[in-house]
There are 2 protein chains.
Amino acid sequence: MEPIRLTPTSYIVLGLVIEAGEATPYDLKAMVAGGIGNLWSLQHTQVYAEPERLTKAGYLTETREEGGRRRKVYRVTPAGRSAFGAWLGEEPSADPPELRDIGLLKVFFGADPRQIAARQVREHRAKLSEYQELEQALQGADVSGPLLALRAGLGHEREWVRYWAELADEDA
Amino acid sequence: MEPIRLTPTSYIVLGLVIEAGEATPYDLKAMVAGGIGNLWSLQHTQVYAEPERLTKAGYLTETREEGGRRRKVYRVTPAGRSAFGAWLGEEPSADPPELRDIGLLKVFFGADPRQIAARQVREHRAKLSEYQELEQALQGADVSGPLLALRAGLGHEREWVRYWAELADEDA
DNA sequence: ACAGGAATCGTTCTTAATGTACCATTCGGG
DNA sequence: CCCGAATGGTACATTAAGAACGATTCCTGT
C-alpha cells in the first residue's frame with residue numbers, strides 16, 4: 001500500500017478500468033488505441049506497468065486467470081473510484097498544452113516551410129477524415145464525453161490543415 | 001565521445017547554442033522561456049543536463065568561467081553544426097502531435113464541461129493576447145522562423161478559445 | 001560599509017515515461 | 001498437424017519530469 005503520485009496516466013487507466021468494470025492490460029491497450037489515445041497516448045509498456053503501480057497503492061485489485069496465459073485482470077477499489085471522482089471534480093491544473101510538433105520545431109529553426117508543409121497537410125487531412133468518420137460512429141452512442149473530446153481534436157486538425165496549407169502555397 | 005540518441009530536446013539546445021554563438025545553461029533557460037518554450041518547453045534541469053550529454057558526444061564544447069560562479073559556457077562543434085543541419089533538412093518524422101490537455105481529458109471521462117470551460121476560456125484568451133503582443137514584437141525583426149511558429153500557436157489558441165467558449169454557454 | 005534579503009545560477013535525487021527488443025501463447029489455414 | 005500470424009506480455013536501458021535544496025551575486029537601507 002505504498003503511496004504514489006497519481007499522474008494523468010494513472011487517471012486514464014483508472015478511468016478506463018472504471019468504465020469497463022474489469023480489464024486486462026491488453027483490453028486497456030485496445031481501449032486507448034480506439035479513442036483516447038488520439039488525445040493522450042500511452043506507450044504499451046505503460047499500459048502494463050501503470051496498473052501494477054495502482055494496485056500496489058490500493059486503487060486497483062489484480063487477479064490472475066488460472067488457465068494458459070494467466071492474464072492479469074484489474075478491477076477498481078473504492079479508493080480508486082473515489083480518487084478518480086475527486087480528480088474529475090477538481091479544477092484542472094493549469095499547465096497550458098504545448099504544440100510539440102517536430103515539423104513546427106524545424107520551421108522555428110529556419111527550415112524551409114514549403115518543404116515541410118506539403119507533407120504535413122497530407123497527414124493532417126488524413127487525420128481529419130479519420131476523425132470525421134469516428135464522429136459519425138459516435139453520433140448515436142450515448143458517449144458525450146468522448147464525442148466532445150473528439151470535436152476538440154477535429155477543430156485542431158482543421159486548424160493544422162489551414163495553417164500548413166497556407167504555408168505550402170505561399171509565394172509558391 | 002559516447003554515441004547518444006539525439007532527441008527533440010537535443011536539437012532545441014543545439015539550435016539555440018548555434019543561434020547564440022555561445023551560451024550558458026542559464027542563457028538557454030532564458031531563451032527557451034522567451035519563445036520556443038511555448039511550443040516545446042524544457043524543464044530547467046534538462047537545460048543543465050542536456051548540454052552535458054551533447055558535450056560527451058562531441059556536439060558541443062564546454063569551458064568553465066574561472067571566477068566565482070564558474071559557469072559552464074557551451075559552443076557548438078562542427079559535428080554539432082552538421083548534425084543540426086542534417087536534422088533541419090530531413091523530412092520531419094510523422095508522429096502526430098497530441099492535444100494532451102488535462103481539462104479535455106476530464107471532459108472525455110464525463111466531467112461537466114461547463115465547469116471546466118469557463119476557466120479554460122479565460123486562460124486561453126490570456127495566452128492569445130500574450131501571443132498577439134509577441135507577434136507585434138517579432139514583426140520587425142528578421143526572424144521568420146519564430147514568427148511562423150508563433151502564428152501556429154496563435155491559430156491553435158484561437159481554436160481553443162472557440163472550442164471552450166462554445167462549451168461554456170451551451171444550454172447555459 | 002555592511003547586513004540581509006532578493007534575484008540569479010546550479011545541482012542532486014527520485015520517480016515516471018519512452019523506446020526497443022524480445023519471449024510466449026493461441027488461433028486459423030493449408 | 002504444423003507453421004506463421006496475431007495476440008498477449010516482459011525486461012531493460014535511456015531520457016524526461018518533478019521537487020527540493022545549495023550557492024553566489026546584487027541591491028538596498030541604514
# chains A, B, ... in the order shown; residues from 1 in each chain; ligands from 1

$ closest_atom_pairs --of "chain C" --to "chain B" --cutoff "12 Å" --atoms "only C-alpha atoms (C1' of nucleotides)" --output "tab-separated table"
residue	atom	partner	partner_atom	distance
C:DT8	C1'	B:Tyr26	CA	9.1
C:DC9	C1'	B:Tyr26	CA	6.9
C:DG10	C1'	B:Tyr48	CA	8.2
C:DT11	C1'	B:Thr45	CA	8.7
C:DT12	C1'	B:Thr45	CA	10.2
C:DC13	C1'	B:Thr45	CA	11.9
C:DT18	C1'	B:Thr7	CA	11.3
C:DG19	C1'	B:Arg5	CA	10.9

$ interface_residues --of "chain D" --to "chain A" --cutoff "9 Å" --atoms "only C-alpha atoms (C1' of nucleotides)" --output "ChimeraX atom specification"
/D:8-10

$ closest_residue --among "B:Gln46, B:Asn38, B:Ser82, B:Ser10" --to "chain A" --atoms "only C-alpha atoms"
B:Asn38

$ interface_residues --of "chain B" --to "chain A" --cutoff "8 Å" --atoms "only C-alpha atoms" --output "PyMOL selection string"
chain B and resi 8+15+36+38-41+88-89+91-93+96-111+116+144-149+152-153+155-156+159-160+163

$ residues_around --residues "Thr61 of chain B" --least-positions-apart "2" --cutoff "10 Å" --atoms "only C-alpha atoms (C1' of nucleotides)" --output "PyMOL selection string"
chain B and resi 22+51-52+54-59+63+72-77+80

$ select_by_dssp --residues "chain B" --states "alpha helix (DSSP H)" --output "PyMOL selection string"
chain B and resi 8-20+25-33+44-56+78-89+102-108+113-140+144-168

$ select_by_dssp --residues "segment 17-144 of chain B" --states "strand (DSSP E or B)" --output "JSON, numbers by chain"
{"B": [22, 23, 60, 61, 62, 63, 64, 72, 73, 74, 75, 76]}

$ atom_distance --atom1 "atom C1' of DT28 of chain D" --atom2 "atom CA of Ala30 of chain B"
25.7 Å

$ residues_around --residues "Val13 of chain A" --least-positions-apart "4" --cutoff "8 Å" --atoms "only C-alpha atoms (C1' of nucleotides)" --output "list in words"
Thr9, Val17, Leu28, Val47, Glu50 and Pro51 of chain A

$ write_last_selection --atoms "C-alpha atoms" --output "PDB file, in the first residue's frame"
ATOM      1  CA  THR A   9      -1.514   8.256 -16.993  1.00  0.00           C
ATOM      2  CA  VAL A  17     -10.990   0.343 -15.790  1.00  0.00           C
ATOM      3  CA  LEU A  28      -6.688  -1.249 -21.897  1.00  0.00           C
ATOM      4  CA  VAL A  47      -0.347   0.032 -20.007  1.00  0.00           C
ATOM      5  CA  GLU A  50       0.711   1.505 -14.568  1.00  0.00           C
ATOM      6  CA  PRO A  51      -1.959  -0.901 -13.292  1.00  0.00           C
TER       7      PRO A  51
END

$ atom_distance --atom1 "atom C1' of DA17 of chain D" --atom2 "atom CA of Pro3 of chain A"
18.6 Å
